[in-house]
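Structure record follows, encoded as structure tokens.
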Amino acid sequence: MVTIEWLLLIAGILLIISAFASKISDLLGFPVLVLFLAIGMLAGSDGPGGIYFDNAAWAQAIGVIALAYILFSGGLDTPLARVKPVIGGGLSLASIGVLVTALVAGLFAAWILSLSLLEGMLLGAVIASTDAAAVFSILRSNSLRLRGDIEPLLELESGSNDPMAVILTVSLLALLTNPATSVVVLLGNLIRQIAIGVLVGYLAGRLGVALINSIRIKQEGLYSTITLALVALTYAGATLVGGSGILAVYLAGIVMGNSEFLHKNSLVRFHDGLAWLMQIAMFITLGLLVFPSRLPAVAVASLAITAVLIFIARPVAVWVSLALSRYTVREKLFVSWVGLRGATPIILATFPLLAQVPAAQTIFDVVFFVVITSVLLQGTVIARVAHWLKLIEPNAPATTSATTLTEKMIERVQEVELKATSRSINKRILDLHLPADVRLVLIERAGQQIIPSGSTTLLAGDRVLLTMEEAADRQRGELLLNSADQVR
């Protein structure tokens with residue numbers, strides 16, 4: 001029997017190796033998730049690590065929990081102002097795009113693997129969603145600055161198409177395991193899951209903001225405990241009442257990320273770090289679950305499915321989804337290419353295993369092969385494709401000197417002394433509802449300097465140092481803090 005000490009030792013080693021793998025990923029130019037999966041495969045029963053792991057239920061549980069926290073973190077970091085111009089196109093790709101991809105890839109998979117139509121469509125649904133972590137780790141590692149709003153479009157699509165893939169997969173599984181299931185019932189379930197997921201997600205986000213802003217806890221670290229519990233309650237609550245838990249946690253993250261609440265910056269950083277930990281745990285677990293010795297048997301068919309997915313299914317889905325948009329042919333070609341598969345398809349591939357679908361093992365092995373091939377083939381040339389399509393923003397001339405930068409920073413800074421008649425007196429900074437471009441960076445009080453947070457209460461006589469996006473307007477700063485009424 002393996003002791004807890006050995007488990008902790010193995011887990012620690014795998015986590016350290018995975019963290020350093022990001023350096024290799026930056027050098028090679030493909031997503032670090034491939035290396036996480038490779039580490040899991042090497043540590044598994046077919047690799048030198050020799051760790052035997054063949055429990056699809058545990059893999060699915062770990063994957064779903066990890067995905068919930070990853071999507072919540074992604075929602076927290078999704079500013080609505082950035083994605084608002086592309087909401088129509090992004091949601092179209094996340095819904096219609098997933099359906100079209102599943103249909104085209106599923107029909108081909110059924111033919112080449114000699115599966116039933118429903119089994120082929122199930123495989124298509126499993127591989128229909130793209131991976132935000134894979135896409136943006138590549139864009140960041142290559143320091144790409146894309147023209148227009150292609151980047152927020154890809155960000156919104158990648159973050160919001162997982163729920164559709166999950167719902168579609170579960171619906172097809174219901175048809176496979178119970179052929180008597182009515183299509184009308186499935187459509188009703190689909191609408192119900194989306195509606196409940198949206199409602200629960202919005203309410204959870206608003207509740208989270210209200211709870212954090214109203215509760216008074218001296219220990220700042222406990223606020224992260226509240227958000228951890230919020231994600232768990234949101235996912236579980238939405239799922240138990242028949243909604244999409246994945247959609248609910250993503251929307252809860254968006255609602256909170258676009259609201260003001262105490263310790264927001266530190267909580268966003270906490271969940272970003274947690275998301276990385278979840279990604280490592282999820283990918284290594286999925287890597288352990290696969291047996292590389294089984295992959296050669298499905299290699300030829302998997303390569304063919306990958307080719308259809310990349311060169312036919314994804315472009316057709318993009319052109320159909322963005323048919324009424326203003327995107328150019330070159331932009332659509334790039335969006336078509338940046339359709340990397342990631343962790344979600346592998347997690348969804350465990351669903352047929354647990355449902356004991358006859359072709360479940362074939363579906364899992366093919367999906368794993370497709371994900372690896374997609375990332376390696378598409379991911380390594382994204383930068384070249386962007387340059388070839390002339391979608392790279394030219395670099396701004398590096399003419400700003402240190403002196404100029406300092407002068408511009410000084411222009412944005414203003415000092416305001418709070419008067420006894422000010423509306424700001426005896427109020428928390430959070431309750432002032434200051435404009436988004438205004439930040440209070442320092443308070444001088446009775447000869448002491450205080451670095452403020454949202455919970456800091458302002459007092460008469462405080463000398464407040466604030467910054468603005470543009471050059472500070474003396475009159476505006478005075479009005480914001482010293483007027484009797486709220487000024488925007």
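Ordering of the structure tokens sets the chain letters (A, B, ...); residue numbers start at 1 within each chain; ligands are numbered from 1 in the order shown.
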
Could you tell me, as an MDAnalysis selection string, which residues of range 231-340 of chain A DSSP assigns to helix (DSSP H, G or I) when given the backbone? chainID A and resid 231:240 245:257 264:289 292:321 329:337

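The residue that comes closest to Gly40 in chain A, out of A:Ser18, A:Ser266, A:Gln449, A:Ser325 and on the basis of only C-alpha atoms, is A:Ser18.
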
Neighbouring residues of Phe53 in chain A were defined as those with any atom within 9 Å, considering only C-alpha atoms; residues of the same chain fewer than 3 positions away were excluded. Please report them as a list in words. Gly44, Ser45, Ala56, Thr285, Leu288, Leu289 and Val290 of chain A

For Leu211 in chain A, which residue among A:Leu262, A:Leu295, A:Val64, A:Leu324 is the nearest when counting only C-alpha atoms? A:Leu262

Near-range 319-321 of chain A list (8 Å; only C-alpha atoms; drop same-chain fewer than 5 positions) as a PyMOL selection string: chain A and resi 89+92-93+96-97+332

Which residues are close to Leu71 in chain A, i.e. within 12 Å by only C-alpha atoms, leaving aside same-chain residues fewer than 2 positions away? Reply as JSON, numbers by chain. {"A": [63, 64, 65, 66, 67, 68, 69, 73, 74, 75, 76, 77, 78, 131, 132, 133, 155, 156, 158, 159, 160, 161, 162, 163, 201, 231, 235, 245, 246, 247, 248, 249, 250, 251, 252, 253, 254, 271, 272, 274, 275, 276, 278, 279, 344]}

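For Gly49 in chain A, the non-local neighbours within 10 Å, defined as residues at least 6 positions apart in the same chain or in other chains and counting only C-alpha atoms, are Ile10, Ile39, Gly40, Met41, Leu42, Ala43 and Leu288 of chain A.
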
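CA of Glu444 in chain A is found 5.1 Å from CA of Arg463 in chain A.
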
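Note that CA of Leu91 in chain A and CA of Ala210 in chain A are 28.0 Å apart.
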
Grab the CA of Ala313 in chain A to CA of Val385 in chain A distance for me, in Å with one decimal place. 18.6 Å
